[in-house]
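A.B. asks: So here's structure06.txt (compact mmCIF, C-alpha atoms).
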```
# COMPACT_ATOMS: atom_id res chain seq x y z
CA MET A 1 212.71 65.24 112.00
CA GLN A 2 211.69 61.75 110.87
CA ASN A 3 208.12 62.98 110.50
CA LEU A 4 209.31 65.72 108.16
CA ILE A 5 211.28 63.23 106.06
CA MET A 6 208.32 60.86 105.97
CA GLY A 7 206.06 63.77 105.02
CA LEU A 8 208.39 64.85 102.26
CA VAL A 9 208.60 61.32 100.81
CA LEU A 10 204.80 60.92 100.89
CA PHE A 11 204.32 64.41 99.48
CA VAL A 12 206.62 63.86 96.51
CA PHE A 13 205.04 60.46 95.88
CA THR A 14 201.49 61.85 95.95
CA LEU A 15 202.40 64.91 93.88
CA SER A 16 203.97 62.76 91.18
CA LEU A 17 200.85 60.55 91.11
CA TYR A 18 198.73 63.66 90.50
CA LEU A 19 201.11 65.09 87.91
CA PHE A 20 201.41 61.78 86.11
CA TYR A 21 197.66 61.39 85.95
CA PHE A 22 197.00 65.02 85.02
CA ARG A 23 197.17 64.42 81.27
CA LYS A 24 195.07 61.28 81.38
CA ASP A 25 191.87 62.31 83.08
CA LYS A 26 191.41 65.81 84.49
CA SER A 27 187.81 65.41 85.58
CA LYS A 28 188.54 62.41 87.80
CA LEU A 29 191.51 64.23 89.22
CA SER A 30 189.55 67.33 90.12
CA LYS A 31 186.99 65.13 91.89
CA ALA A 32 189.82 63.48 93.84
CA PHE A 33 191.23 66.92 94.63
CA LYS A 34 187.94 68.21 96.06
CA LYS A 35 187.47 65.09 98.14
CA SER A 36 191.03 65.35 99.45
CA ILE A 37 190.64 68.97 100.52
CA LYS A 38 187.52 68.08 102.49
CA MET A 39 189.28 65.11 104.08
CA PHE A 40 192.30 67.20 104.95
CA ILE A 41 190.25 69.85 106.77
CA GLN A 42 188.33 67.19 108.68
CA ASN A 43 191.49 65.30 109.66
CA SER A 44 193.22 68.49 110.68
CA ILE A 45 190.49 69.33 113.19
CA ARG A 46 190.40 65.80 114.61
CA ILE A 47 194.12 65.25 114.79
CA PHE A 48 194.85 68.70 116.17
CA ALA A 49 192.44 67.95 119.01
CA ILE A 50 194.41 64.78 119.77
CA PHE A 51 197.66 66.78 119.78
CA VAL A 52 196.13 69.22 122.28
CA ILE A 53 195.31 66.31 124.61
CA ILE A 54 198.81 64.86 124.18
CA GLY A 55 200.38 68.27 124.81
CA LEU A 56 198.33 68.81 127.97
CA LEU A 57 198.97 65.26 129.20
CA GLU A 58 202.71 65.72 128.76
CA LYS A 59 202.66 68.90 130.83
CA PHE A 60 200.30 67.78 133.56
CA LEU A 61 201.38 64.16 133.95
CA SER A 62 205.00 63.98 135.04
CA LYS A 63 207.15 61.07 133.96
CA GLU A 64 208.30 60.47 137.52
CA ALA A 65 204.69 60.24 138.67
CA VAL A 66 203.92 57.57 136.06
CA GLY A 67 207.11 55.68 136.90
CA ASN A 68 206.60 55.86 140.65
CA PHE A 69 203.02 54.70 140.33
CA LEU A 70 204.04 51.62 138.33
CA LEU A 71 206.88 50.80 140.71
CA LYS A 72 204.36 49.97 143.41
CA PHE A 73 203.11 46.91 141.55
CA SER A 74 204.48 43.59 140.40
CA GLY A 75 203.33 40.24 139.07
CA LEU A 76 200.15 39.89 137.04
CA LYS A 77 198.61 42.93 138.74
CA GLY A 78 201.62 44.98 137.70
CA ILE A 79 201.35 43.75 134.12
CA ILE A 80 197.66 44.66 133.90
CA LEU A 81 198.32 48.10 135.40
CA GLY A 82 201.25 48.65 133.04
CA ASP A 83 198.89 47.71 130.23
CA LEU A 84 196.25 50.22 131.42
CA VAL A 85 198.69 53.08 132.04
CA GLY A 86 200.40 52.50 128.68
CA ALA A 87 197.04 52.69 126.93
CA ILE A 88 196.51 56.20 128.28
CA MET A 89 199.99 57.37 127.31
CA MET A 90 200.18 59.09 123.95
CA GLY A 91 202.76 60.77 121.84
CA PRO A 92 206.04 59.48 120.49
CA ILE A 93 207.27 56.34 122.24
CA ALA A 94 210.67 58.02 122.53
CA SER A 95 209.42 59.60 125.74
CA GLY A 96 208.40 56.14 126.97
CA TYR A 97 211.89 54.62 126.84
CA PRO A 98 213.36 56.87 129.57
CA ILE A 99 210.43 55.93 131.81
CA ALA A 100 211.12 52.25 131.07
CA LYS A 101 214.78 52.76 131.94
CA TYR A 102 213.83 54.50 135.17
CA LEU A 103 211.55 51.56 136.02
CA PHE A 104 214.29 48.99 135.37
CA GLU A 105 216.79 50.97 137.44
CA HIS A 106 214.40 50.88 140.35
CA GLY A 107 213.86 47.15 140.16
CA ALA A 108 210.63 46.85 138.17
CA GLU A 109 209.89 43.46 136.62
CA VAL A 110 210.42 42.85 132.90
CA GLY A 111 206.73 41.99 132.47
CA VAL A 112 205.46 45.26 133.95
CA VAL A 113 207.78 47.42 131.86
CA SER A 114 207.03 45.43 128.70
CA ALA A 115 203.27 45.70 129.18
CA PHE A 116 203.65 49.45 129.65
CA LEU A 117 205.77 49.91 126.51
CA LEU A 118 203.69 47.56 124.36
CA SER A 119 200.43 49.16 125.35
CA TRP A 120 201.85 52.64 124.70
CA VAL A 121 202.49 51.79 121.03
CA MET A 122 199.62 49.37 120.44
CA ILE A 123 196.64 51.02 122.13
CA GLY A 124 195.74 54.68 121.84
CA THR A 125 192.77 55.41 124.03
CA ILE A 126 192.54 58.95 122.75
CA SER A 127 192.56 57.92 119.09
CA ILE A 128 189.85 55.27 119.56
CA PRO A 129 187.03 57.66 118.48
CA LEU A 130 189.02 58.32 115.30
CA GLU A 131 189.49 54.61 114.63
CA TYR A 132 185.79 54.06 115.28
CA LYS A 133 184.77 56.72 112.75
CA ASP A 134 187.13 55.56 109.99
CA LEU A 135 187.38 51.80 110.43
CA GLY A 136 184.12 50.92 112.13
CA LYS A 137 182.84 49.58 115.43
CA ARG A 138 183.81 45.93 115.09
CA PHE A 139 187.29 46.65 113.84
CA THR A 140 187.99 49.08 116.66
CA ILE A 141 186.56 46.98 119.47
CA THR A 142 188.19 43.73 118.32
CA ARG A 143 191.57 45.28 117.61
CA ASN A 144 191.85 47.12 120.91
CA LEU A 145 190.45 44.37 123.13
CA LEU A 146 192.66 41.80 121.42
CA ALA A 147 195.66 44.07 121.87
CA PHE A 148 194.86 44.62 125.56
CA PHE A 149 194.72 40.91 126.36
CA SER A 150 197.57 39.91 124.06
CA ILE A 151 199.83 42.47 125.73
CA ILE A 152 199.39 40.56 129.00
CA VAL A 153 200.47 37.35 127.23
CA LEU A 154 203.37 39.05 125.43
CA ALA A 155 204.52 40.64 128.70
CA LEU A 156 204.49 37.21 130.36
CA ILE A 157 206.53 35.78 127.47
CA MET A 158 209.06 38.61 127.90
CA GLU A 159 209.16 37.89 131.64
CA VAL A 160 209.87 34.19 131.03
CA LEU A 161 212.44 34.69 128.27
CA LEU A 162 214.47 37.44 129.96
CA MET B 1 171.25 76.76 109.36
CA LYS B 2 170.10 75.15 112.59
CA ASP B 3 170.53 71.71 111.05
CA LYS B 4 174.02 72.62 109.99
CA ILE B 5 175.01 73.70 113.49
CA LEU B 6 173.49 70.56 114.98
CA SER B 7 175.28 68.25 112.59
CA PHE B 8 178.54 70.10 113.24
CA LEU B 9 178.07 69.66 116.99
CA LYS B 10 177.37 65.97 116.50
CA GLU B 11 180.30 65.44 114.14
CA TYR B 12 182.81 67.17 116.38
CA THR B 13 181.53 66.39 119.88
CA LEU B 14 184.86 65.00 121.02
CA GLU B 15 186.82 67.93 119.61
CA ILE B 16 184.49 70.40 121.33
CA ILE B 17 184.94 68.59 124.66
CA ILE B 18 188.72 68.70 124.22
CA SER B 19 188.56 72.45 123.49
CA LEU B 20 186.54 72.97 126.67
CA ILE B 21 189.10 70.98 128.70
CA ALA B 22 191.89 73.04 127.15
CA VAL B 23 190.12 76.33 127.99
CA THR B 24 189.45 75.19 131.56
CA LEU B 25 193.09 74.24 132.07
CA LEU B 26 194.17 77.54 130.52
CA ILE B 27 192.20 79.32 133.22
CA LEU B 28 193.32 77.05 136.08
CA ASN B 29 196.98 76.71 135.18
CA PRO B 30 197.76 79.09 132.30
CA GLN B 31 201.51 78.46 132.26
CA LYS B 32 201.44 74.68 131.91
CA ALA B 33 198.36 74.60 129.67
CA TYR B 34 199.88 77.22 127.37
CA LEU B 35 203.04 75.13 126.96
CA GLY B 36 200.94 72.04 126.24
CA ILE B 37 198.91 73.78 123.55
CA LYS B 38 202.05 75.31 122.09
CA ASN B 39 203.48 71.79 121.82
CA ALA B 40 200.30 70.70 120.02
CA PHE B 41 200.85 73.45 117.43
CA PHE B 42 204.44 72.37 116.84
CA THR B 43 203.45 68.71 116.52
CA TYR B 44 200.76 69.74 114.05
CA LEU B 45 203.21 71.72 111.92
CA ASN B 46 205.62 68.81 112.10
CA LEU B 47 203.03 66.44 110.72
CA LEU B 48 201.33 68.84 108.31
CA LEU B 49 203.13 67.38 105.31
CA VAL B 50 202.21 63.83 106.33
CA MET B 51 198.56 64.73 106.88
CA ASP B 52 197.97 66.57 103.64
CA SER B 53 199.77 63.84 101.68
CA VAL B 54 197.61 61.17 103.35
CA ALA B 55 194.44 63.10 102.47
CA PHE B 56 195.47 63.60 98.85
CA LEU B 57 196.61 60.00 98.53
CA ALA B 58 193.29 58.75 99.93
CA GLY B 59 191.38 61.03 97.56
CA PHE B 60 193.43 59.81 94.62
CA ILE B 61 192.89 56.15 95.48
CA SER B 62 189.17 56.66 95.96
CA GLU B 63 188.60 58.40 92.60
CA VAL B 64 191.33 57.15 90.29
CA ILE B 65 192.75 53.76 91.24
CA PRO B 66 190.63 50.86 89.94
CA LYS B 67 189.26 48.51 92.54
CA GLU B 68 190.70 45.44 90.82
CA MET B 69 194.23 46.71 91.30
CA ILE B 70 193.92 47.13 95.08
CA LYS B 71 192.13 43.78 95.28
CA ARG B 72 194.93 42.05 93.43
CA ILE B 73 197.74 43.48 95.59
CA LEU B 74 196.07 43.66 99.01
CA GLY B 75 192.80 41.76 98.65
CA LYS B 76 191.73 38.22 99.49
CA GLU B 77 193.56 36.72 96.52
CA SER B 78 196.87 38.32 97.55
CA GLY B 79 197.12 35.74 100.35
CA ILE B 80 200.18 35.71 102.58
CA LYS B 81 201.92 38.14 100.24
CA GLY B 82 199.38 40.88 100.98
CA ILE B 83 199.71 40.31 104.71
CA LEU B 84 203.51 40.47 104.52
CA ILE B 85 203.30 43.71 102.52
CA GLY B 86 201.11 45.14 105.30
CA ALA B 87 203.46 43.95 108.05
CA ILE B 88 206.56 45.38 106.38
CA LEU B 89 204.85 48.65 105.45
CA GLY B 90 203.60 49.08 109.02
CA THR B 91 207.07 48.36 110.39
CA LEU B 92 208.77 50.93 108.17
CA MET B 93 206.26 53.76 108.53
CA VAL B 94 206.79 56.56 111.03
CA GLY B 95 204.38 59.06 112.51
CA PRO B 96 201.17 58.30 114.39
CA ALA B 97 199.04 55.50 112.90
CA TYR B 98 195.82 57.48 113.38
CA ALA B 99 197.01 60.09 110.88
CA PHE B 100 196.72 57.29 108.31
CA TYR B 101 193.26 55.98 109.29
CA PRO B 102 191.45 57.85 106.44
CA PHE B 103 193.88 56.19 104.03
CA PHE B 104 193.19 52.73 105.54
CA LYS B 105 189.45 53.36 105.28
CA GLU B 106 189.81 54.15 101.59
CA MET B 107 191.92 51.02 101.04
CA ILE B 108 189.34 48.75 102.68
CA SER B 109 186.47 50.25 100.68
CA LYS B 110 188.57 49.66 97.56
CA GLY B 111 188.91 45.96 98.33
CA ALA B 112 191.95 45.63 100.59
CA ARG B 113 191.66 42.76 103.06
CA VAL B 114 190.76 43.71 106.61
CA SER B 115 193.58 41.51 107.90
CA VAL B 116 196.14 43.36 105.77
CA ILE B 117 195.06 46.70 107.23
CA ALA B 118 194.87 45.35 110.81
CA THR B 119 198.34 43.83 110.41
CA THR B 120 199.66 47.15 109.09
CA ILE B 121 198.29 48.95 112.14
CA GLY B 122 199.68 46.21 114.41
CA ALA B 123 203.16 46.47 112.91
CA TRP B 124 202.99 50.27 113.22
CA ALA B 125 203.89 49.64 116.88
CA ILE B 126 207.44 48.93 115.70
CA LYS B 127 209.25 52.25 115.51
CA VAL B 128 212.34 51.56 113.42
CA PRO B 129 213.87 55.06 113.69
CA TRP B 130 213.70 54.88 117.50
CA ILE B 131 215.25 51.42 117.81
CA PRO B 132 218.87 52.64 118.24
CA PHE B 133 217.71 55.01 121.00
CA ALA B 134 215.73 52.21 122.65
CA ILE B 135 218.74 49.86 122.50
CA ALA B 136 220.97 52.50 124.08
CA LEU B 137 218.59 52.78 127.02
CA LEU B 138 217.18 49.28 127.40
CA GLY B 139 219.69 46.91 125.82
CA LEU B 140 219.91 45.05 122.54
CA LYS B 141 218.35 41.77 123.62
CA TYR B 142 215.31 43.34 125.26
CA VAL B 143 214.50 45.70 122.37
CA LEU B 144 214.95 43.13 119.59
CA LEU B 145 212.86 40.51 121.38
CA LEU B 146 210.08 43.00 122.10
CA ASN B 147 209.89 44.14 118.47
CA PHE B 148 210.10 40.59 117.15
CA LEU B 149 207.08 39.65 119.29
CA VAL B 150 205.19 42.69 118.02
CA PHE B 151 205.87 41.69 114.41
CA ILE B 152 204.55 38.16 114.93
CA TYR B 153 201.60 39.49 116.90
CA ALA B 154 200.75 41.96 114.10
CA ILE B 155 200.32 39.12 111.60
CA ILE B 156 198.25 36.91 113.91
CA SER B 157 196.11 39.79 115.15
CA GLY B 158 195.29 40.82 111.58
CA LEU B 159 193.68 37.45 110.94
CA ILE B 160 191.75 37.47 114.23
CA VAL B 161 190.44 41.02 113.68
CA GLU B 162 189.36 40.07 110.16
CA TYR B 163 187.54 37.00 111.46
CA PHE B 164 185.47 39.08 113.89
CA VAL B 165 184.84 41.93 111.44
CA ASN B 166 183.50 39.49 108.82
CA LEU B 167 181.49 37.46 111.36
CA LYS B 168 177.81 37.45 110.41
```
Please rewrite the model in this file as structure tokens.

C.D. replies:
Amino acid sequence: MQNLIMGLVLFVFTLSLYLFYFRKDKSKLSKAFKKSIKMFIQNSIRIFAIFVIIGLLEKFLSKEAVGNFLLKFSGLKGIILGDLVGAIMMGPIASGYPIAKYLFEHGAEVGVVSAFLLSWVMIGTISIPLEYKDLGKRFTITRNLLAFFSIIVLALIMEVLL
Amino acid sequence: MKDKILSFLKEYTLEIIISLIAVTLLILNPQKAYLGIKNAFFTYLNLLLVMDSVAFLAGFISEVIPKEMIKRILGKESGIKGILIGAILGTLMVGPAYAFYPFFKEMISKGARVSVIATTIGAWAIKVPWIPFAIALLGLKYVLLLNFLVFIYAIISGLIVEYFVNLK
């Protein structure tokens, strides 16, 4: 639902930009239009492929399995594993919160759960090729490596504070 | 023609691999795989409006918006203000960040600071619409602290990513 609202807001905004500019310079606008169509087709293929992976992962990787796997670990090892597992998880984080709750109910440490949740929203292993293509090698490598190691630190901070 | 096929294969290697995985799973476990792919279609439809708007916005920025304007608002000279705009924008946005990558690419080539874009992506990890749900499951203190840390991290990480991207 929120995606639809967001889409609608963006759509109206973009449409009004085009309409507003229509009288000023049609040739520039038609260039922009052609470029956009090409971009849209390309993005559609790439992003649909990601959705297929997410859809398959959701069906083949049960939430209990993920939770039970993480419950086996604690301490720094648990945090690193939470970090790694979270990086593989994709899709809306809303499906991550019930797993986190399940983990807490079964006595998991704050650090492990936090690393898992943080990594879920901060690192997307499956979207890395996309990031690489659009934002470049250095950007992608630095951002994801930095996120991976910072999540360990943030998880430790959470552990200490709570 | 042969060149065209080759460049298509190269451009979409990952997507072709994913299709092959999907077909294999469809053969091995049709029921589950079918449901997964059906979900992918629904997610796609759900985000269709976001994706076409992002493409048209990126196209518009690339052809119409003058470079100076982007530079002034989100470039080097924007300073801490540009970074804060990125952090707040990233916090408020919903939907997957990768759907917006083409837009970010266009912004950087138009003069937006790398740190502003990296901070925006960092703050994207805060999902405002889901916060009430998260609080209901995990508690107020935990959720607020986690998101507060992410916000601070987004700003710091933006500067670090920029440093390494600009490193000669």

A.B. asks: Using atom CA of B:Glu63 and atom CA of A:Leu15 as the two end points, give the distance in Å to one decimal.

C.D. replies: 15.3 Å

A.B. asks: With all atoms listed in the file as the atoms that count, which of A:Leu146, A:Leu103, A:Ile5, A:Gly111 lies nearest to B:Met93?

C.D. replies: A:Ile5

A.B. asks: Please return, as number ranges by chain, all residues of chain A lying within 6 Å of chain B when all atoms listed in the file are considered.

C.D. replies: A: 3, 7, 10-11, 14, 32, 35-36, 39-40, 49, 51-52, 55-56, 59, 121-122, 134-135, 138-139, 142-143

A.B. asks: Which distance in Å separates atom CA of A:Glu109 and atom CA of A:Gly75, to one decimal?

C.D. replies: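 Taking atom CA of A:Glu109 as the start and atom CA of A:Gly75 as the end point, the length is 7.7 Å.
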
A.B. asks: Name the closest residue to B:Gly79 among the candidates B:Met1, B:Leu140, B:Val116, B:Leu9; distances are taken between atoms, counting all atoms listed in the file.

C.D. replies: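 When distances to B:Gly79 are compared using all atoms listed in the file, the smallest one comes from B:Val116.
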
A.B. asks: What separation in Å, quoted to one decimal, exists between atom CA of A:Leu17 and atom CA of B:Ala112?

C.D. replies: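 Answer for the atom CA of A:Leu17 to atom CA of B:Ala112 separation: 19.8 Å.
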
A.B. asks: May I have the residues within 12 Å of A:Thr125 as a list in words, using all atoms listed in the file and disregarding those fewer than 4 positions away in the same chain?

C.D. replies: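 What passes the distance filter is Ile50, Ile53, Ile54, Asp83, Leu84, Val85, Gly86, Ala87, Ile88, Met89, Met90, Gly91, Ser119, Trp120, Val121, Pro129, Leu130, Glu131, Tyr132, Thr140, Ile141, Asn144, Leu145, Ala147 and Phe148 of chain A; Tyr98 of chain B.
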
A.B. asks: Write out, as a PDB file, in the coordinates of the input, the residues just selected, with C-alpha atoms.

C.D. replies:
```
ATOM      1  CA  ILE A  50     194.410  64.780 119.770  1.00  0.00           C
ATOM      2  CA  ILE A  53     195.310  66.310 124.610  1.00  0.00           C
ATOM      3  CA  ILE A  54     198.810  64.860 124.180  1.00  0.00           C
ATOM      4  CA  ASP A  83     198.890  47.710 130.230  1.00  0.00           C
ATOM      5  CA  LEU A  84     196.250  50.220 131.420  1.00  0.00           C
ATOM      6  CA  VAL A  85     198.690  53.080 132.040  1.00  0.00           C
ATOM      7  CA  GLY A  86     200.400  52.500 128.680  1.00  0.00           C
ATOM      8  CA  ALA A  87     197.040  52.690 126.930  1.00  0.00           C
ATOM      9  CA  ILE A  88     196.510  56.200 128.280  1.00  0.00           C
ATOM     10  CA  MET A  89     199.990  57.370 127.310  1.00  0.00           C
ATOM     11  CA  MET A  90     200.180  59.090 123.950  1.00  0.00           C
ATOM     12  CA  GLY A  91     202.760  60.770 121.840  1.00  0.00           C
ATOM     13  CA  SER A 119     200.430  49.160 125.350  1.00  0.00           C
ATOM     14  CA  TRP A 120     201.850  52.640 124.700  1.00  0.00           C
ATOM     15  CA  VAL A 121     202.490  51.790 121.030  1.00  0.00           C
ATOM     16  CA  PRO A 129     187.030  57.660 118.480  1.00  0.00           C
ATOM     17  CA  LEU A 130     189.020  58.320 115.300  1.00  0.00           C
ATOM     18  CA  GLU A 131     189.490  54.610 114.630  1.00  0.00           C
ATOM     19  CA  TYR A 132     185.790  54.060 115.280  1.00  0.00           C
ATOM     20  CA  THR A 140     187.990  49.080 116.660  1.00  0.00           C
ATOM     21  CA  ILE A 141     186.560  46.980 119.470  1.00  0.00           C
ATOM     22  CA  ASN A 144     191.850  47.120 120.910  1.00  0.00           C
ATOM     23  CA  LEU A 145     190.450  44.370 123.130  1.00  0.00           C
ATOM     24  CA  ALA A 147     195.660  44.070 121.870  1.00  0.00           C
ATOM     25  CA  PHE A 148     194.860  44.620 125.560  1.00  0.00           C
TER      26      PHE A 148
ATOM     27  CA  TYR B  98     195.820  57.480 113.380  1.00  0.00           C
TER      28      TYR B  98
END
```

A.B. asks: When you write stretch 93-103 of chain B out from the block above, keep all heavy atoms and present the result as a CSV table (one decimal), in the first residue's frame, please.

C.D. replies:
```csv
chain,number,residue,atom,x,y,z
B,93,MET,N,11.7,8.2,2.5
B,93,MET,CA,11.3,7.4,1.3
B,93,MET,C,11.0,6.0,1.7
B,93,MET,O,11.5,5.4,2.6
B,93,MET,CB,12.5,7.4,0.3
B,93,MET,CG,12.8,8.7,-0.2
B,93,MET,SD,11.5,9.5,-1.1
B,93,MET,CE,11.8,8.9,-2.7
B,94,VAL,N,10.0,5.4,0.9
B,94,VAL,CA,9.7,4.0,1.0
B,94,VAL,C,10.0,3.3,-0.3
B,94,VAL,O,10.2,3.9,-1.3
B,94,VAL,CB,8.2,3.8,1.5
B,94,VAL,CG1,8.0,4.5,2.8
B,94,VAL,CG2,7.3,4.3,0.4
B,95,GLY,N,9.9,2.0,-0.2
B,95,GLY,CA,10.2,1.2,-1.4
B,95,GLY,C,11.7,0.8,-1.4
B,95,GLY,O,12.5,1.4,-0.7
B,96,PRO,N,12.1,-0.2,-2.2
B,96,PRO,CA,13.5,-0.6,-2.2
B,96,PRO,C,14.4,0.5,-2.8
B,96,PRO,O,14.1,1.1,-3.8
B,96,PRO,CB,13.5,-1.8,-3.1
B,96,PRO,CG,12.3,-1.7,-3.9
B,96,PRO,CD,11.3,-0.9,-3.2
B,97,ALA,N,15.6,0.7,-2.1
B,97,ALA,CA,16.5,1.7,-2.5
B,97,ALA,C,17.0,1.4,-4.0
B,97,ALA,O,17.2,2.4,-4.7
B,97,ALA,CB,17.7,1.7,-1.6
B,98,TYR,N,17.2,0.1,-4.3
B,98,TYR,CA,17.8,-0.1,-5.6
B,98,TYR,C,16.9,0.3,-6.8
B,98,TYR,O,17.3,0.5,-7.9
B,98,TYR,CB,18.2,-1.6,-5.8
B,98,TYR,CG,17.1,-2.6,-5.4
B,98,TYR,CD1,16.1,-2.9,-6.3
B,98,TYR,CD2,17.1,-3.2,-4.1
B,98,TYR,CE1,15.1,-3.8,-5.9
B,98,TYR,CE2,16.1,-4.1,-3.8
B,98,TYR,CZ,15.1,-4.4,-4.7
B,98,TYR,OH,14.1,-5.3,-4.3
B,99,ALA,N,15.6,0.5,-6.5
B,99,ALA,CA,14.7,1.0,-7.6
B,99,ALA,C,15.1,2.5,-7.9
B,99,ALA,O,14.7,3.0,-9.0
B,99,ALA,CB,13.2,0.9,-7.1
B,100,PHE,N,15.8,3.1,-7.0
B,100,PHE,CA,16.1,4.5,-7.2
B,100,PHE,C,17.6,4.7,-7.6
B,100,PHE,O,18.0,5.8,-7.8
B,100,PHE,CB,15.9,5.3,-5.9
B,100,PHE,CG,14.5,5.4,-5.5
B,100,PHE,CD1,13.8,4.4,-4.9
B,100,PHE,CD2,13.8,6.6,-5.8
B,100,PHE,CE1,12.4,4.5,-4.6
B,100,PHE,CE2,12.5,6.8,-5.5
B,100,PHE,CZ,11.8,5.7,-4.9
B,101,TYR,N,18.4,3.6,-7.8
B,101,TYR,CA,19.8,3.7,-8.2
B,101,TYR,C,20.0,4.5,-9.5
B,101,TYR,O,20.9,5.3,-9.6
B,101,TYR,CB,20.4,2.4,-8.3
B,101,TYR,CG,20.8,1.8,-6.9
B,101,TYR,CD1,21.1,0.4,-6.8
B,101,TYR,CD2,20.7,2.5,-5.8
B,101,TYR,CE1,21.4,-0.1,-5.6
B,101,TYR,CE2,20.9,1.9,-4.5
B,101,TYR,CZ,21.3,0.6,-4.4
B,101,TYR,OH,21.6,0.1,-3.2
B,102,PRO,N,19.1,4.3,-10.5
B,102,PRO,CA,19.3,5.1,-11.8
B,102,PRO,C,19.2,6.6,-11.5
B,102,PRO,O,19.9,7.4,-12.1
B,102,PRO,CB,18.2,4.6,-12.7
B,102,PRO,CG,17.8,3.2,-12.2
B,102,PRO,CD,18.0,3.3,-10.7
B,103,PHE,N,18.3,6.9,-10.6
B,103,PHE,CA,18.0,8.3,-10.2
B,103,PHE,C,19.3,8.9,-9.5
B,103,PHE,O,19.8,10.0,-9.9
B,103,PHE,CB,16.8,8.4,-9.4
B,103,PHE,CG,16.6,9.7,-8.7
B,103,PHE,CD1,16.1,10.8,-9.4
B,103,PHE,CD2,16.8,9.8,-7.3
B,103,PHE,CE1,15.9,12.0,-8.8
B,103,PHE,CE2,16.6,11.0,-6.7
B,103,PHE,CZ,16.2,12.1,-7.4
```
